[in-house]
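Undergrad: The structure's right below; bear with me while I get my questions together.
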Amino acid sequence: MDDPWNPTVADIRRWAADPNSLCPQDWDLSITGLGHEELFVELVEDEKCPKADFFLHCLYLWIYDLVRTGRADELEALLKRGEASEEQALRTWAKRSRALIANPKLAAKALWWGFGQKRGQRGHT
């Protein structure tokens with residue numbers, strides 16, 4: 001990866017496919033909001049992606065940030081995709097995101113930053 005702080009789609013895909021690759025500290029924070037969120041959804045839906053939980057976590061960070069900064073209008077298309085997904089974790093993400101948009105006071109950083117991590121088995125939250 002040439003620039004881990006500004007990765008290309010190909011960089012992210014390569015990293016996501018390698019179960020042994022490591023990322024720099026706080027990489028989740030740096031790649032969230034760069035416009036790769038549709039790719040993140042795709043990777044969460046990919047049953048073969050060993051880093052699906054990482055990208056689910058990034059989606060939760062993205063929602064938290066957009067709601068916290070008043071930019072929730074950017075979410076609609078991706079939320080609809082999440083609601084229609086066969087992946088339960090994405091449907092849960094969309095449901096929680098809609099609840100947060102409806103009540104931004106639910107935006108407890110510790111809670112939202114923890115969602116999507118350590119799901120255990122695929123499809124569970």
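In the structure tokens, each chain is lettered A, B, ... as it comes, each chain's residues begin at 1, and ligands are numbered from 1 in order of appearance.
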Mind checking which residues fall within 8 Å of segment 67-73 of chain A, counting only C-alpha atoms, ignoring those fewer than 2 positions away in the same chain, and posting them as a list in words?
TA: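 The neighbour list is Ile63, Tyr64, Asp65, Leu75, Glu76, Leu100, Ile101, Pro104 and Ala107 of chain A.
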Undergrad: Using N, CA and C atoms, can you write the selected residues to a file as a PDB file, in the first residue's frame?
TA:
```pdb
ATOM      1  N   ILE A  63     -21.369   6.494  10.591  1.00  0.00           N
ATOM      2  CA  ILE A  63     -22.706   6.953  11.010  1.00  0.00           C
ATOM      3  C   ILE A  63     -22.591   7.893  12.195  1.00  0.00           C
ATOM      4  N   TYR A  64     -21.830   7.466  13.185  1.00  0.00           N
ATOM      5  CA  TYR A  64     -21.642   8.294  14.390  1.00  0.00           C
ATOM      6  C   TYR A  64     -21.151   9.690  13.999  1.00  0.00           C
ATOM      7  N   ASP A  65     -20.162   9.755  13.142  1.00  0.00           N
ATOM      8  CA  ASP A  65     -19.595  11.043  12.765  1.00  0.00           C
ATOM      9  C   ASP A  65     -20.582  11.893  11.976  1.00  0.00           C
ATOM     10  N   LEU A  75     -26.718   9.674   4.193  1.00  0.00           N
ATOM     11  CA  LEU A  75     -26.790   8.259   4.523  1.00  0.00           C
ATOM     12  C   LEU A  75     -27.854   7.449   3.798  1.00  0.00           C
ATOM     13  N   GLU A  76     -28.871   8.062   3.308  1.00  0.00           N
ATOM     14  CA  GLU A  76     -30.081   7.355   2.888  1.00  0.00           C
ATOM     15  C   GLU A  76     -29.844   6.177   1.933  1.00  0.00           C
ATOM     16  N   LEU A 100     -30.490   6.261  15.620  1.00  0.00           N
ATOM     17  CA  LEU A 100     -29.586   7.353  15.979  1.00  0.00           C
ATOM     18  C   LEU A 100     -29.963   8.641  15.258  1.00  0.00           C
ATOM     19  N   ILE A 101     -30.305   8.530  13.990  1.00  0.00           N
ATOM     20  CA  ILE A 101     -30.721   9.716  13.229  1.00  0.00           C
ATOM     21  C   ILE A 101     -31.981  10.328  13.852  1.00  0.00           C
ATOM     22  N   PRO A 104     -30.460  11.836  17.917  1.00  0.00           N
ATOM     23  CA  PRO A 104     -29.005  11.999  17.975  1.00  0.00           C
ATOM     24  C   PRO A 104     -28.423  11.978  19.381  1.00  0.00           C
ATOM     25  N   ALA A 107     -26.074   9.233  20.609  1.00  0.00           N
ATOM     26  CA  ALA A 107     -24.715   9.143  20.064  1.00  0.00           C
ATOM     27  C   ALA A 107     -23.657   9.111  21.159  1.00  0.00           C
TER      28      ALA A 107
END
```
Undergrad: DSSP on the backbone, alpha helix (DSSP H) only: what residues of segment 26-106 of chain A does that give? Format it as JSON, numbers by chain.
TA: {"A": [27, 28, 29, 30, 31, 37, 38, 39, 40, 41, 42, 43, 44, 45, 52, 53, 54, 55, 56, 57, 58, 59, 60, 61, 62, 63, 64, 65, 66, 67, 68, 76, 77, 78, 79, 80, 81, 82, 83, 84, 88, 89, 90, 91, 92, 93, 94, 95, 96, 97, 98, 99, 100, 101, 102]}
Undergrad: For the residues in that selection, give me C-alpha atoms as an mmCIF file, in the first residue's frame.
TA:
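After the write, again.cif holds the following:
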```cif
data_model
loop_
_atom_site.group_PDB
_atom_site.id
_atom_site.type_symbol
_atom_site.label_atom_id
_atom_site.label_comp_id
_atom_site.auth_asym_id
_atom_site.auth_seq_id
_atom_site.Cartn_x
_atom_site.Cartn_y
_atom_site.Cartn_z
ATOM 1 C CA TRP A 27 -6.558 3.202 10.374
ATOM 2 C CA ASP A 28 -10.282 2.707 10.950
ATOM 3 C CA LEU A 29 -10.552 6.401 11.795
ATOM 4 C CA SER A 30 -8.468 7.513 8.845
ATOM 5 C CA ILE A 31 -10.261 5.554 6.101
ATOM 6 C CA GLU A 37 -18.438 3.269 2.458
ATOM 7 C CA GLU A 38 -20.133 1.370 -0.385
ATOM 8 C CA LEU A 39 -17.028 -0.803 -0.586
ATOM 9 C CA PHE A 40 -17.235 -1.350 3.181
ATOM 10 C CA VAL A 41 -20.816 -2.617 2.804
ATOM 11 C CA GLU A 42 -19.698 -4.926 0.002
ATOM 12 C CA LEU A 43 -16.879 -6.322 2.150
ATOM 13 C CA VAL A 44 -19.188 -6.889 5.133
ATOM 14 C CA GLU A 45 -21.503 -8.841 2.834
ATOM 15 C CA ALA A 52 -15.635 -8.026 7.499
ATOM 16 C CA ASP A 53 -15.965 -7.006 11.147
ATOM 17 C CA PHE A 54 -13.388 -4.252 10.680
ATOM 18 C CA PHE A 55 -15.446 -2.727 7.868
ATOM 19 C CA LEU A 56 -18.688 -3.060 9.830
ATOM 20 C CA HIS A 57 -16.959 -1.166 12.622
ATOM 21 C CA CYS A 58 -15.946 1.537 10.097
ATOM 22 C CA LEU A 59 -19.586 1.898 9.019
ATOM 23 C CA TYR A 60 -20.607 2.486 12.633
ATOM 24 C CA LEU A 61 -17.865 5.119 13.008
ATOM 25 C CA TRP A 62 -19.087 6.801 9.823
ATOM 26 C CA ILE A 63 -22.706 6.953 11.010
ATOM 27 C CA TYR A 64 -21.642 8.294 14.390
ATOM 28 C CA ASP A 65 -19.595 11.043 12.765
ATOM 29 C CA LEU A 66 -22.246 12.061 10.233
ATOM 30 C CA VAL A 67 -24.989 12.263 12.849
ATOM 31 C CA ARG A 68 -22.731 14.061 15.329
ATOM 32 C CA GLU A 76 -30.081 7.355 2.888
ATOM 33 C CA ALA A 77 -28.911 5.297 -0.095
ATOM 34 C CA LEU A 78 -26.498 3.232 1.951
ATOM 35 C CA LEU A 79 -29.028 2.685 4.732
ATOM 36 C CA LYS A 80 -31.521 1.340 2.196
ATOM 37 C CA ARG A 81 -28.853 -1.017 0.904
ATOM 38 C CA GLY A 82 -28.137 -2.166 4.461
ATOM 39 C CA GLU A 83 -31.827 -2.740 5.154
ATOM 40 C CA ALA A 84 -32.109 -4.902 2.032
ATOM 41 C CA GLN A 88 -27.994 -9.602 9.404
ATOM 42 C CA ALA A 89 -25.204 -7.404 10.760
ATOM 43 C CA LEU A 90 -25.897 -4.811 8.045
ATOM 44 C CA ARG A 91 -29.636 -4.872 8.678
ATOM 45 C CA THR A 92 -28.897 -4.292 12.382
ATOM 46 C CA TRP A 93 -26.486 -1.490 11.462
ATOM 47 C CA ALA A 94 -29.175 0.196 9.346
ATOM 48 C CA LYS A 95 -31.798 -0.174 12.091
ATOM 49 C CA ARG A 96 -29.470 1.254 14.747
ATOM 50 C CA SER A 97 -28.444 4.040 12.396
ATOM 51 C CA ARG A 98 -32.050 5.074 11.773
ATOM 52 C CA ALA A 99 -32.628 5.116 15.548
ATOM 53 C CA LEU A 100 -29.586 7.353 15.979
ATOM 54 C CA ILE A 101 -30.721 9.716 13.229
ATOM 55 C CA ALA A 102 -34.149 9.943 14.877
#
```
Undergrad: Just give me the gap between atom CA of Asp18 of chain A and atom CA of Asp2 of chain A in Å, one decimal is fine.
TA: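 Computing it gives 16.5 Å between the two atoms.
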Undergrad: Using only C-alpha atoms, which of the listed residues (A:Pro19, A:Gly35, A:Pro24, A:Pro4) sits closest to Pro50 of chain A?
TA: A:Pro19
